[in-house]
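See structure below.
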Amino acid sequence: MKAKTFKGGIHPHDCKHYSNKAAVEDFPAPEKVIIHLSQHIGAPALPIVKKNDVVKKGQKIAEAGGFVSIPMHSPISGKVIQIAKFPHPTGTIQQAIEIENDGKDEWFSKLKDEENYFNLSVDEMKNRIKNAGICGMGGAGFPTHVKLSPPENKPIDMIILNGVECEPYLTSDHRLMLERPEEIIAGLKLIMKIVSAKRGFIGIELNKKDAINLMKEKLKNEKNLNVVPLKLRYPQGAEKQLIYAATKRKVPAGGLPMDIGAVVQNVGTAFAIYESIRFQKPLINRITTVTGDIVKTPKNLRVPIGSSMSEMLDFCGGTNEEIGKLISGGPMMGFALPQIDTPISKTSSGIVFLSKKDVDTVHEQPCLRCGRCVDACPMNLVPTFLAETVRNGMYEEAKKMNINDCIECGSCSFVCPSHIQIVQWIKVGKLEVGKLAKKANEK
Amino acid sequence: MNLLNISTSPHFHEKIDVKIVMWSVVGTLFPALIAAYIFFGWYSIFLTALGVITAVATEALIQHFRKVPITISDGSAVITGLLLSFNLPPNAPWWLPVLGSVFAISIGKQVFGGLGYNPVNPALLGRAFLMASWPVQMTTGWASKLAKASVVTVSGLKNSLIAGSGNESLQNLITSATPLNLAQQIRGDIADGVGGEAYRTIFDNLSSLDYIKSLFWGNVGGCIGEVSAAALIIGAAYLVYKHYIEWRIPVSYIGTVIVFSWMLGGIDGLFSGPILFHVFSGGLILGAFFMATDMVTSPVTKNGRIYFGLGCGILTVVIRLWGGYPEGVSYSILIMNLAVPLLDKITPQKTFGYRKKN
Ligand code: SF4
Ligand code: SF4
């Protein structure tokens with residue numbers, strides 16, 4: 001199979017075998033859910049319920065906090081217990097709504113089914129997406145209705161669906177493509193209609209040959225829709241790298257995909273878009289992979305948003321040995337969480353449990369100047385110099401070296417023989433560079 | 001509550017650390033060591049062992065007195081000892097590797113703070129020190145008394161031509177010199193109008209396929225570790241495959257040597273030079289794959305590495321053809337080591353997505 005790719009990058013073991021054969025299972029509605037107000041990029045949602053309010057499944061419980069924001073809905077019927085601070089899947093503590101299940105599973109308003117959904121007006125479609133509270137489900141969490149409203153001077157000619165899932169371990173997108181290909185394709189067509197794009201691609205890595213073949217089969221008679229098989233290489237699923245691999249177009253530094261006429265959407269998002277337009281279904285559940293070599297039976301679960309990770313783990317039989325690390329998201333870019341009692345959010349593509357022996361405990365050693373990080377960087381930066389300038393407090397210098405173009409993919413840290421926490425230094429550096437810019441603005 | 005480990009991403013790491021890289025380099029130098037035994041005998045192994053032991057002991061001692069953690073297990077001192085010994089004549093006196101290693105580790109490495117901070121390749125600095133202090137011992141003793149194979153013969157040449165010509169000085173030249181030494185002298189003599197046909201034939205023989213084969217496998221005179229290009233290439237191939245060294249430096253280095261030796265290295269004017277002779281003789285293969293690629297002392301930027309190899313290549317050819325020494329690899333690398341900070345600075349990488357500003 002001819003496959004495309006980008007320059008740089010790494011080859012971590014994909015570790016997908018734990019869960020890629022496990023068909024999606026429904027995770028039963030839990031006793032209670034915790035719905036965070038910030039599950040996306042942009043302003044937090046504003047609660048419109050209060051303590052002791054009775055809510056139904058699918059009912060809006062928080063309003064979008066601005067244009068770049070999304071509303072939240074209750075995935076269960078029950079009672080609001082409190083609005084308070086809870087652990088967040090990014091490792092912080094944030095404001096959330098806690099709801100207790102009454103076990104009745106009553107919908108707020110019954111789901112509709114509009115057979116003619118494809119003929120709705122573009123404005124109506126966007127409205128439904130907005131009302132459903134959809135954000136990018138691959139991890140970034142950018143509000144989808146915003147991404148689908150490019151300014152008029154940026155015409156979009158192609159949509160790329162991201163089915164790459166290049167993070168090791170995660171298989172939720174893979175399973176979705178295998179089990180709901182038609183819905184994903186319908187989602188793709190809807191997106192194309194909304195931004196009036198002519199062509200559509202679905203990018204899939206070669207370790208999902210079954211998904212590639214299935215999608216190819218389904219797209220046999222579609223002239224404008226194509227599957228793009230991609231080589232196994234991390235971070236193939238990063239937006240800029242994916243666009244480059246599929247089309248050879250480069251997103252300008254500091255720019256957005258729409259600058260070169262492209263919009264990228266995760267396959268899970270496309271599925272949610274389809275459901276929101278056809279059934280007016282709010283985003284209240286998603287597919288999340290629960291995996292890791294210490295998990296008894298790794299699974300792909302359809303989970304209500306706000307379910308607790310510890311209950312999800314129990315549903316998978318718990319672990320065989322003591323947990324070394326719990327990662328929310330994939331091991332390359334995900335967050336290590338201090339407590340297992342954390343709820344999942346709309347962007348939780350997976351939770352990975354690492355054993356003690358998989359936790360990297362090697363100390364940072366002096367840089368060998370081996371250049372491996374340079375060869376691995378998909379953005380063609382010089383990671384070792386970025387880390388060094390930040391360590392020495394030379395933030396101006398770091399800025400000149402384009403520290404802000406780093407996509408924090410972690411490839412550099414992954415290959416470093418000295419185990420230097422390059423990404424950590426870069427994150428610190430970005431904050432400091434931001435402060436510098438702010439100061440300069442104030443003057 | 002029971003809290004779990006946290007850290008920033010990534011939470012995954014390649015199975016690699018400094019030790020793995022360094023000991024892999026040590027391992028990949030073993031074929032060359034075996035070749036040394038085959039062509040030069042036990043004494044060359046003894047010299048190498050002395051060099052390695054001294055290097056490790058010096059590192060441990062200095063770190064002990066500096067009151068810093070002793071890091072001899074990372075294998076980097078072993079590499080320095082190995083490479084230093086590999087750059088000695090197989091018949092050198094025993095104290096040569098000892099003094100060389102002490103100098104290499106102390107002045108070449110620990111003075112700057114140890115691994116990662118040294119500006120030049122310690123082994124090469126050690127060699128330069130020996131070369132400056134004991135030039136005679138460093139440039140004689142090429143053929144080992146214990147040698148099993150015929151060393152320092154230019155096949156088919158000694159017997160017929162030289163013996164026949166009765167030219168004694170020429171005979172001495174051939175049995176005592178390395179091939180490069182020979183080539184340089186002959187080229188010089190021919191340029192000065194001495195030597196005549198006999199010289200020309202020797203020179204042609206040096207670039208004959210037969211002779212290149214000897215160079216490739218190793219039955220010629222030379223330093224301990226550099227004789228067998230084949231053995232070195234086996235080791236280097238593994239390092240490149242594992243991404244422990246990167247292709248840019250060796251390719252640009254050897255490529256440059258090819259181009260310039262072809263252009264300037266002949267006796268019949270431009271573009272008549274014996275390319276393969278230059279590639280496989282002397283320490284070029286050893287230097288290009290194991291010394292120029294020394295991580296600490298080579299550029300980190302991609303283009304920097306290309307220029308680094310280019311510089312090494314040009315210097316090597318210049319020294320080989322016109323320099324005061326027949327062999328140019330170690331000095332070229334040493335000089336280019338000093339240019340590394342500059343090279344890194346003038347070759348910033350073009351970040352993905354940046355366009356030329358109009
Ligand atoms: S510097 Fe940034 S973009 Fe480059 S490899 Fe490291 S994390 Fe990825
Ligand atoms: S990979 Fe690590 S040791 Fe090598 S140059 Fe980069 S930061 Fe330095």
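Numbering starts fresh at 1 for the residues of each chain in the structure tokens, the chains themselves are lettered A, B, ... in the order given, and ligands are numbered from 1 as they appear.
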Using only C-alpha atoms, determine which residues of chain B fall within 6 Å of chain A; present them as a tab-separated table (two decimals) with N, CA and C atoms, in the first residue's frame.
```tsv
chain	number	residue	atom	x	y	z
B	3	LEU	N	-1.76	9.18	46.16
B	3	LEU	CA	-1.53	9.95	44.95
B	3	LEU	C	-0.55	9.23	44.03
B	4	LEU	N	-0.79	9.38	42.73
B	4	LEU	CA	0.06	8.70	41.75
B	4	LEU	C	1.20	9.61	41.29
B	5	ASN	N	2.17	8.99	40.65
B	5	ASN	CA	3.28	9.73	40.04
B	5	ASN	C	2.79	10.70	39.00
B	6	ILE	N	3.30	11.91	39.02
B	6	ILE	CA	2.99	12.77	37.88
B	6	ILE	C	4.27	13.36	37.29
B	9	SER	N	4.44	15.45	29.98
B	9	SER	CA	4.55	14.53	28.86
B	9	SER	C	5.91	14.73	28.20
B	10	PRO	N	6.42	13.83	27.42
B	10	PRO	CA	5.86	12.50	27.17
B	10	PRO	C	6.13	11.52	28.31
B	11	HIS	N	5.25	10.52	28.39
B	11	HIS	CA	5.38	9.51	29.45
B	11	HIS	C	5.97	8.23	28.91
B	12	PHE	N	6.49	8.35	27.70
B	12	PHE	CA	7.01	7.20	26.99
B	12	PHE	C	8.43	7.58	26.62
B	13	HIS	N	9.34	6.64	26.71
B	13	HIS	CA	10.71	6.96	26.31
B	13	HIS	C	11.30	5.80	25.55
B	14	GLU	N	12.04	6.15	24.50
B	14	GLU	CA	12.74	5.10	23.77
B	14	GLU	C	13.69	4.40	24.74
B	16	ILE	N	16.64	3.99	25.53
B	16	ILE	CA	17.94	4.54	25.19
B	16	ILE	C	18.42	5.39	26.36
B	17	ASP	N	19.69	5.33	26.64
B	17	ASP	CA	20.30	6.30	27.54
B	17	ASP	C	21.77	6.42	27.15
B	18	VAL	N	22.48	7.24	27.87
B	18	VAL	CA	23.87	7.52	27.50
B	18	VAL	C	24.66	6.22	27.46
B	116	GLY	N	30.08	15.83	27.64
B	116	GLY	CA	29.07	16.78	27.21
B	116	GLY	C	29.61	18.20	27.14
B	295	MET	N	29.41	12.75	19.27
B	295	MET	CA	28.24	13.62	19.45
B	295	MET	C	28.60	14.96	20.05
B	296	VAL	N	29.40	14.88	21.10
B	296	VAL	CA	29.65	16.09	21.87
B	296	VAL	C	30.35	17.15	21.03
B	300	VAL	N	24.94	20.17	16.07
B	300	VAL	CA	23.65	19.54	16.26
B	300	VAL	C	22.70	19.85	15.10
B	351	THR	N	12.37	26.57	10.42
B	351	THR	CA	11.22	25.95	11.06
B	351	THR	C	10.16	25.61	10.02
B	352	PHE	N	9.52	24.46	10.23
B	352	PHE	CA	8.46	24.01	9.32
B	352	PHE	C	7.43	25.12	9.13
B	353	GLY	N	7.15	25.44	7.88
B	353	GLY	CA	6.10	26.42	7.62
B	353	GLY	C	6.61	27.84	7.46
B	354	TYR	N	7.93	28.07	7.69
B	354	TYR	CA	8.43	29.43	7.48
B	354	TYR	C	8.72	29.66	6.01
```
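Proximity to segment 131-137 of chain B at 9 Å, evaluated using only C-alpha atoms and with sequence-adjacent residues fewer than 3 positions away removed, yields B:Pro89, B:Asn91, B:Ala92, B:Pro93, B:Leu96, B:Gly126, B:Arg127, B:Ala128, B:Thr140, B:Gly141.
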Secondary structure check, alpha helix (DSSP H) residues of segment 273-375 of chain A, as a VMD selection string = chain A and resid 273 to 279 309 to 315 372 to 375
Nearest to ligand 1 by atom-to-atom distance, counting only C-alpha atoms and all ligand atoms, from A:Tyr274, A:Phe118, A:Tyr18, A:Tyr234 | A:Tyr234
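Close contacts of Ala84 of chain A, defined as residues with an atom at most 7 Å away when counting only C-alpha atoms, with chain neighbours fewer than 6 positions off set aside, comprise Gln95, Ala96 and Ile97 of chain A.
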B:Leu99, B:Leu232, B:Val21, B:Val52: which is nearest ligand 2, counting only C-alpha atoms and all ligand atoms?
-> B:Val21
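When atom CA of Phe271 of chain B is paired with atom CA of Gly283 of chain B, their separation reads 22.9 Å.
The space between atom CA of Val102 of chain B and atom CA of Tyr325 of chain B spans 24.1 Å.
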